[in-house]
Amino acid sequence: MLEILTELRPCPICGAKAFVRYVVYDADHLGLGWSVGCPRAYIDDPVHKLNEEEFEKAKLIMRGFLSKAQAIEAWNRRAGE
């Protein structure tokens, strides 16, 4: 039987508690729906020290999920790699 995790795993790089939230609007009209990720993550941040390409590959922020469960599943699967 598959285990379905409803809690978010921490950020695999810095260990911060991840967030999940519903985004109604953003300036770029990207990522509408559920978003999940590390609250400390942004390109060239001093905690993760990732350039733009590395940041995209690491998937520290993921957007546009239709449900909260999908966002959590994607984050936990990615975070556990």
# chains A, B, ... in the order shown; residues from 1 in each chain; ligands from 1

call {"tool": "residues_around", "arguments": {"residues": "Pro12 (chain A)", "least_positions_apart": "2", "cutoff": "12 Å", "atoms": "only C-alpha atoms", "output": "ChimeraX atom specification"}}
result
/A:8-10,14-18,37-38,40-41,48,58-60,75-81

call {"tool": "residues_around", "arguments": {"residues": "Ile72 (chain A)", "least_positions_apart": "4", "cutoff": "8 Å", "atoms": "only C-alpha atoms", "output": "VMD selection string"}}
result
chain A and resid 5 to 8 20 36 68 76

call {"tool": "select_by_dssp", "arguments": {"residues": "chain A", "states": "helix (DSSP H, G or I)", "output": "count of residues only"}}
result
19

call {"tool": "select_by_dssp", "arguments": {"residues": "chain A", "states": "strand (DSSP E or B)", "output": "ChimeraX atom specification"}}
result
/A:19-23,33-37,61-65

call {"tool": "write_last_selection", "arguments": {"atoms": "all heavy atoms", "output": "compact mmCIF listing (two decimals), in the first residue's frame"}}
result
# COMPACT_ATOMS: atom_id res chain seq x y z
N PHE A 19 6.74 25.55 2.69
CA PHE A 19 5.40 26.14 2.70
C PHE A 19 4.55 25.53 1.59
O PHE A 19 5.07 25.02 0.60
CB PHE A 19 5.47 27.67 2.51
CG PHE A 19 5.88 28.07 1.10
CD1 PHE A 19 4.94 28.14 0.07
CD2 PHE A 19 7.20 28.35 0.81
CE1 PHE A 19 5.32 28.50 -1.22
CE2 PHE A 19 7.59 28.71 -0.47
CZ PHE A 19 6.65 28.78 -1.49
N VAL A 20 3.25 25.59 1.76
CA VAL A 20 2.30 25.29 0.70
C VAL A 20 1.19 26.32 0.83
O VAL A 20 0.71 26.59 1.93
CB VAL A 20 1.76 23.84 0.76
CG1 VAL A 20 1.02 23.55 2.03
CG2 VAL A 20 0.91 23.53 -0.46
N ARG A 21 0.82 26.94 -0.30
CA ARG A 21 -0.21 27.99 -0.23
C ARG A 21 -0.91 28.10 -1.59
O ARG A 21 -0.35 27.74 -2.61
CB ARG A 21 0.37 29.32 0.19
CG ARG A 21 1.32 29.91 -0.83
CD ARG A 21 1.80 31.29 -0.41
NE ARG A 21 2.86 31.73 -1.28
CZ ARG A 21 4.09 31.98 -0.92
NH1 ARG A 21 4.43 31.87 0.34
NH2 ARG A 21 5.00 32.35 -1.79
N TYR A 22 -2.09 28.66 -1.54
CA TYR A 22 -2.85 28.89 -2.77
C TYR A 22 -2.58 30.30 -3.25
O TYR A 22 -2.72 31.26 -2.50
CB TYR A 22 -4.34 28.69 -2.54
CG TYR A 22 -5.10 28.73 -3.85
CD1 TYR A 22 -5.07 27.65 -4.71
CD2 TYR A 22 -5.80 29.86 -4.22
CE1 TYR A 22 -5.74 27.69 -5.92
CE2 TYR A 22 -6.48 29.92 -5.43
CZ TYR A 22 -6.44 28.82 -6.28
OH TYR A 22 -7.09 28.86 -7.48
N VAL A 23 -2.16 30.43 -4.50
CA VAL A 23 -1.85 31.72 -5.09
C VAL A 23 -2.98 32.11 -6.02
O VAL A 23 -3.26 31.43 -7.00
CB VAL A 23 -0.51 31.67 -5.87
CG1 VAL A 23 -0.23 33.00 -6.55
CG2 VAL A 23 0.62 31.28 -4.95
N GLY A 33 -2.63 28.84 -8.71
CA GLY A 33 -2.96 27.55 -8.13
C GLY A 33 -2.11 27.35 -6.88
O GLY A 33 -1.71 28.32 -6.24
N TRP A 34 -1.85 26.12 -6.53
CA TRP A 34 -1.08 25.81 -5.33
C TRP A 34 0.41 25.89 -5.60
O TRP A 34 0.90 25.40 -6.62
CB TRP A 34 -1.45 24.42 -4.82
CG TRP A 34 -2.82 24.41 -4.22
CD1 TRP A 34 -3.99 24.13 -4.86
CD2 TRP A 34 -3.16 24.73 -2.88
NE1 TRP A 34 -5.04 24.26 -3.99
CE2 TRP A 34 -4.56 24.62 -2.76
CE3 TRP A 34 -2.42 25.10 -1.76
CZ2 TRP A 34 -5.23 24.86 -1.57
CZ3 TRP A 34 -3.09 25.34 -0.57
CH2 TRP A 34 -4.48 25.22 -0.49
N SER A 35 1.13 26.52 -4.69
CA SER A 35 2.59 26.62 -4.75
C SER A 35 3.18 25.97 -3.51
O SER A 35 2.56 25.94 -2.45
CB SER A 35 3.03 28.08 -4.80
OG SER A 35 2.61 28.67 -5.99
N VAL A 36 4.40 25.47 -3.66
CA VAL A 36 5.08 24.79 -2.56
C VAL A 36 6.58 25.05 -2.68
O VAL A 36 7.08 25.25 -3.78
CB VAL A 36 4.77 23.27 -2.60
CG1 VAL A 36 5.29 22.62 -3.86
CG2 VAL A 36 5.26 22.55 -1.37
N GLY A 37 7.26 25.09 -1.56
CA GLY A 37 8.70 25.28 -1.63
C GLY A 37 9.34 25.73 -0.34
O GLY A 37 8.71 25.75 0.71
N ILE A 61 11.19 26.02 -5.49
CA ILE A 61 9.86 26.61 -5.53
C ILE A 61 9.14 25.96 -6.71
O ILE A 61 9.67 25.94 -7.81
CB ILE A 61 9.89 28.14 -5.75
CG1 ILE A 61 10.75 28.85 -4.70
CG2 ILE A 61 8.49 28.72 -5.82
CD1 ILE A 61 10.13 28.96 -3.34
N MET A 62 7.95 25.42 -6.46
CA MET A 62 7.18 24.77 -7.52
C MET A 62 5.77 25.37 -7.51
O MET A 62 5.17 25.55 -6.46
CB MET A 62 7.16 23.26 -7.28
CG MET A 62 8.56 22.68 -7.33
SD MET A 62 8.80 21.03 -6.63
CE MET A 62 7.51 20.07 -7.26
N ARG A 63 5.25 25.68 -8.70
CA ARG A 63 3.99 26.42 -8.80
C ARG A 63 3.00 25.75 -9.75
O ARG A 63 3.39 24.95 -10.59
CB ARG A 63 4.27 27.82 -9.34
CG ARG A 63 5.15 28.66 -8.49
CD ARG A 63 5.40 30.02 -9.13
NE ARG A 63 6.18 30.89 -8.28
CZ ARG A 63 7.47 31.03 -8.36
NH1 ARG A 63 8.16 30.40 -9.27
NH2 ARG A 63 8.10 31.84 -7.53
N GLY A 64 1.75 26.18 -9.62
CA GLY A 64 0.73 25.84 -10.60
C GLY A 64 0.03 24.52 -10.41
O GLY A 64 -0.54 23.98 -11.36
N PHE A 65 0.00 23.99 -9.21
CA PHE A 65 -0.69 22.72 -8.97
C PHE A 65 -2.19 22.95 -8.80
O PHE A 65 -2.61 23.97 -8.25
CB PHE A 65 -0.12 22.02 -7.74
CG PHE A 65 1.31 21.60 -7.93
CD1 PHE A 65 2.35 22.38 -7.45
CD2 PHE A 65 1.63 20.43 -8.62
CE1 PHE A 65 3.67 22.01 -7.63
CE2 PHE A 65 2.95 20.05 -8.81
CZ PHE A 65 3.96 20.83 -8.32

call {"tool": "atom_distance", "arguments": {"atom1": "CA of Cys11 (chain A)", "atom2": "CA of Asp44 (chain A)"}}
result
16.2 Å

call {"tool": "atom_distance", "arguments": {"atom1": "CA of Ala69 (chain A)", "atom2": "CA of Asp45 (chain A)"}}
result
27.9 Å

call {"tool": "closest_residue", "arguments": {"among": "A:Leu32, A:Ile43, A:Phe55, A:Ile13", "to": "Ser67 (chain A)", "atoms": "only C-alpha atoms"}}
result
A:Leu32

call {"tool": "closest_residue", "arguments": {"among": "A:Leu66, A:Lys57, A:Pro39, A:Pro46", "to": "Val24 (chain A)", "atoms": "only C-alpha atoms"}}
result
A:Leu66
